Amino acid sequence: MSVVFGVVRFPGSNCDDDAVRVVDQVLRPAGASGRIIWHKERALGGVDVVLVPGGFTYGDYLRAGALAAQSPVMDAVVEFARAGGPVIGICNGFQILCEAGLLDGALARNASLHFECRDVHLVVEGRPTPFTHAIPAGRAIRMSIAHAQGRYVHPDVDRLEGEGRVVFRYATTDGAVIEAANPNGSQRNIAGVCNAEGNVLGLMPHPERACEDLLGEGGEDGLMLFECALAWKAGVPARVGGKR
Amino acid sequence: MRARVYVTLKSGVLDPQGQAVARTLGRLGYGEVQGVRIGKYVEIDLEGGDPDAARARVEEMCRRLVANTVIEDYRIEVDT
């Protein structure tokens, strides 16, 4: 029995096929499969995990993610999340989940004003989530970012931290969380957060672009998030980063 | 009827666009410029003739879509 990842496709999504490839091909031997869910669908079709991919939905008009958050499919995504289903939003998907009210905070224009497109390192912390529960805390993992509006802003970041809802922070290659490692001016180097229950996760970096050695020097650190979700749903112990 | 909506970043939220414009104005010799904040201006044309009702509807539109109240404020003017 495979664990089915539903990847939501909006007009302007552009990391959807990459995400499907990870689950449907790279992790197929491990028991995953993937399927696209068009944004006009009103039901998710019994998927086990929902992934809202990156891209530039609706041309980032008004605000990144603002219009996609009002798509017909989002009612079903919200319902799935409220029932405890694992949901991950990557880059524009993170922006969409914030705009839809599934995650707190907002993503503002990068402090640098640049479109930041490069590899970054992250450390994992906070409460366990379906996508990170087996990643060792403090280990610096590497993946790429590609965004202009990724500066995380939260009106009460102390509370967010107190609740263990900061899941990823930008760090140095050694895992040190310092301002120099912050690519976009996010409050306290925040790269990813989860909801109060922990089942909804959003992050600006792209794990789906760091799942195969072939794709440059990014390595396979991103695969750990998918392996965690797979193990979580399959009810088996997670073994992540096994190829390192 | 037309509603004019001004969406601005909340005070305290960094506005790097405004800072860049302020620096450039300074380079152009406008030394008196103390700061610049950049926002959005949205015109919404509506049917109906009751300005109070229109304002209430636009208020709701702002909360639900036109502004992100986590980081933005909005101000509404209704022309009659």
# chains A, B, ... in the order shown; residues from 1 in each chain; ligands from 1

$ interface_residues --of "chain B" --to "chain A" --cutoff "10 Å" --atoms "only C-alpha atoms" --output "number ranges by chain"
B: 9, 13-17, 19-20, 40, 42, 64-72

$ write_last_selection --atoms "C-alpha atoms" --output "CSV table (one decimal), in the first residue's frame"
chain,number,residue,atom,x,y,z
B,9,LEU,CA,2.7,48.4,5.5
B,13,VAL,CA,7.3,46.5,9.3
B,14,LEU,CA,10.5,47.1,7.4
B,15,ASP,CA,9.9,48.6,4.0
B,16,PRO,CA,13.1,48.0,1.9
B,17,GLN,CA,11.5,49.5,-1.2
B,19,GLN,CA,14.3,52.8,2.0
B,20,ALA,CA,15.8,52.3,-1.5
B,40,LYS,CA,-0.7,50.2,-2.8
B,42,VAL,CA,-6.7,50.0,-5.2
B,64,ARG,CA,-10.5,38.9,3.4
B,65,LEU,CA,-8.3,39.7,0.4
B,66,VAL,CA,-7.2,43.2,-0.5
B,67,ALA,CA,-4.9,43.7,2.6
B,68,ASN,CA,-3.0,41.2,4.7
B,69,THR,CA,-3.7,42.6,8.1
B,70,VAL,CA,-0.7,40.7,9.6
B,71,ILE,CA,1.6,43.3,8.0
B,72,GLU,CA,-0.6,45.8,6.3

$ residues_around --residues "Gly93 (chain A)" --least-positions-apart "2" --cutoff "10 Å" --atoms "only C-alpha atoms" --output "JSON, numbers by chain"
{"A": [8, 13, 15, 51, 52, 53, 54, 55, 56, 57, 64, 65, 68, 69, 88, 89, 90, 91, 95, 96, 97, 98, 99, 201, 202, 203, 204]}

$ select_by_dssp --residues "region 12-143 of chain A" --states "strand (DSSP E or B)" --output "JSON, numbers by chain"
{"A": [13, 32, 33, 34, 35, 36, 37, 38, 49, 50, 51, 52, 55, 87, 88, 89, 90, 106, 107, 108, 116, 117, 118, 119, 120, 121, 122, 123, 124, 141, 142, 143]}

$ write_last_selection --atoms "C-alpha atoms" --output "PDB file, in the first residue's frame"
ATOM      1  CA  SER A  13       2.820  26.671  -9.986  1.00  0.00           C
ATOM      2  CA  ALA A  32       5.371   6.583  -2.025  1.00  0.00           C
ATOM      3  CA  SER A  33       3.373   7.774  -4.970  1.00  0.00           C
ATOM      4  CA  GLY A  34       2.278  11.194  -6.160  1.00  0.00           C
ATOM      5  CA  ARG A  35      -0.583  12.796  -7.983  1.00  0.00           C
ATOM      6  CA  ILE A  36      -1.460  16.277  -9.153  1.00  0.00           C
ATOM      7  CA  ILE A  37      -4.588  17.938  -7.760  1.00  0.00           C
ATOM      8  CA  TRP A  38      -5.890  20.759  -9.987  1.00  0.00           C
ATOM      9  CA  VAL A  49      -0.264  13.974   2.424  1.00  0.00           C
ATOM     10  CA  VAL A  50      -0.925  17.347   0.776  1.00  0.00           C
ATOM     11  CA  LEU A  51       1.939  19.321  -0.749  1.00  0.00           C
ATOM     12  CA  VAL A  52       1.439  22.915  -1.898  1.00  0.00           C
ATOM     13  CA  GLY A  55       5.888  28.853  -8.149  1.00  0.00           C
ATOM     14  CA  VAL A  87       0.247  19.473   4.832  1.00  0.00           C
ATOM     15  CA  ILE A  88       3.478  21.038   3.618  1.00  0.00           C
ATOM     16  CA  GLY A  89       3.811  24.335   1.745  1.00  0.00           C
ATOM     17  CA  ILE A  90       7.065  25.061  -0.029  1.00  0.00           C
ATOM     18  CA  ALA A 106       3.310  36.685   6.534  1.00  0.00           C
ATOM     19  CA  LEU A 107       6.081  36.683   3.935  1.00  0.00           C
ATOM     20  CA  ALA A 108       7.187  40.189   3.018  1.00  0.00           C
ATOM     21  CA  GLU A 116      17.518  35.456  -3.665  1.00  0.00           C
ATOM     22  CA  CYS A 117      18.414  32.305  -5.582  1.00  0.00           C
ATOM     23  CA  ARG A 118      21.107  30.184  -3.936  1.00  0.00           C
ATOM     24  CA  ASP A 119      21.832  27.341  -1.565  1.00  0.00           C
ATOM     25  CA  VAL A 120      21.301  27.923   2.145  1.00  0.00           C
ATOM     26  CA  HIS A 121      21.785  25.856   5.279  1.00  0.00           C
ATOM     27  CA  LEU A 122      19.042  25.260   7.810  1.00  0.00           C
ATOM     28  CA  VAL A 123      18.769  23.859  11.293  1.00  0.00           C
ATOM     29  CA  VAL A 124      15.718  21.990  12.500  1.00  0.00           C
ATOM     30  CA  ILE A 141      20.891  20.659   6.154  1.00  0.00           C
ATOM     31  CA  ARG A 142      21.342  22.188   2.745  1.00  0.00           C
ATOM     32  CA  MET A 143      18.818  23.188   0.123  1.00  0.00           C
TER      33      MET A 143
END

$ closest_residue --among "B:Glu47, B:Met1, B:Arg27, B:Ile76" --to "Cys62 (chain B)" --atoms "only C-alpha atoms"
B:Ile76

$ residues_around --residues "Asp79 (chain B)" --least-positions-apart "3" --cutoff "8 Å" --atoms "only C-alpha atoms" --output "list in words"
Met1, Arg2, Ala3, Arg4 and Pro51 of chain B

$ select_by_dssp --residues "chain B" --states "helix (DSSP H, G or I)" --output "list in words"
Pro16, Gln17, Gly18, Gln19, Ala20, Val21, Ala22, Arg23, Thr24, Leu25, Gly26, Arg27, Pro51, Asp52, Ala53, Ala54, Arg55, Ala56, Arg57, Val58, Glu59, Glu60, Met61, Cys62, Arg63, Arg64, Leu65 and Val66 of chain B

$ write_last_selection --atoms "C-alpha atoms" --output "CSV table (one decimal), in the first residue's frame"
chain,number,residue,atom,x,y,z
B,16,PRO,CA,13.1,48.0,1.9
B,17,GLN,CA,11.5,49.5,-1.2
B,18,GLY,CA,10.8,52.7,0.6
B,19,GLN,CA,14.3,52.8,2.0
B,20,ALA,CA,15.8,52.3,-1.5
B,21,VAL,CA,13.6,55.2,-2.9
B,22,ALA,CA,14.6,57.4,0.1
B,23,ARG,CA,18.3,56.8,-0.6
B,24,THR,CA,17.9,57.6,-4.2
B,25,LEU,CA,15.9,60.8,-3.5
B,26,GLY,CA,18.8,61.7,-1.2
B,27,ARG,CA,21.3,61.1,-4.1
B,51,PRO,CA,-22.1,54.7,0.7
B,52,ASP,CA,-22.3,53.2,4.2
B,53,ALA,CA,-23.3,49.8,2.8
B,54,ALA,CA,-20.5,50.0,0.2
B,55,ARG,CA,-18.0,50.9,2.9
B,56,ALA,CA,-19.0,47.9,5.0
B,57,ARG,CA,-18.6,45.6,2.0
B,58,VAL,CA,-15.2,47.0,1.0
B,59,GLU,CA,-14.1,46.8,4.6
B,60,GLU,CA,-14.9,43.1,4.5
B,61,MET,CA,-13.1,42.7,1.1
B,62,CYS,CA,-10.0,44.3,2.7
B,63,ARG,CA,-10.0,42.0,5.6
B,64,ARG,CA,-10.5,38.9,3.4
B,65,LEU,CA,-8.3,39.7,0.4
B,66,VAL,CA,-7.2,43.2,-0.5

$ atom_distance --atom1 "CA of Phe5 (chain A)" --atom2 "CA of Ala140 (chain A)"
25.9 Å

$ residues_around --residues "Ala229 (chain A)" --least-positions-apart "6" --cutoff "8 Å" --atoms "only C-alpha atoms" --output "ChimeraX atom specification"
/A:49,86,130-132

$ residues_around --residues "Ala231 (chain A)" --least-positions-apart "5" --cutoff "10 Å" --atoms "only C-alpha atoms" --output "list of chain:residue names"
A:Val3, A:Ala30, A:Gly31, A:Ala32, A:Pro130, A:Phe131, A:His133, A:Ala134, A:Phe226, A:Val236, A:Pro237, A:Ala238, A:Arg239, A:Val240

$ write_last_selection --atoms "C-alpha atoms" --output "PDB file, in the first residue's frame"
ATOM      1  CA  VAL A   3       1.439   6.577   0.739  1.00  0.00           C
ATOM      2  CA  ALA A  30      10.102   3.164  -0.503  1.00  0.00           C
ATOM      3  CA  GLY A  31       6.332   3.074  -0.941  1.00  0.00           C
ATOM      4  CA  ALA A  32       5.371   6.583  -2.025  1.00  0.00           C
ATOM      5  CA  PRO A 130       5.254  14.822  10.192  1.00  0.00           C
ATOM      6  CA  PHE A 131       7.953  16.192   7.886  1.00  0.00           C
ATOM      7  CA  HIS A 133      10.373  14.318  13.257  1.00  0.00           C
ATOM      8  CA  ALA A 134      13.399  12.183  12.445  1.00  0.00           C
ATOM      9  CA  PHE A 226       9.624  13.326   2.328  1.00  0.00           C
ATOM     10  CA  VAL A 236       7.070   2.797  10.577  1.00  0.00           C
ATOM     11  CA  PRO A 237      10.249   4.178  12.143  1.00  0.00           C
ATOM     12  CA  ALA A 238      11.854   6.826   9.951  1.00  0.00           C
ATOM     13  CA  ARG A 239      15.349   6.310   8.655  1.00  0.00           C
ATOM     14  CA  VAL A 240      16.490   9.515   7.082  1.00  0.00           C
TER      15      VAL A 240
END

$ closest_residue --among "A:Ile178, A:Leu27, A:Ile135, A:Val166" --to "Asp221 (chain A)" --atoms "only C-alpha atoms"
A:Ile135

$ atom_distance --atom1 "CA of Met74 (chain A)" --atom2 "CA of Arg42 (chain A)"
8.0 Å
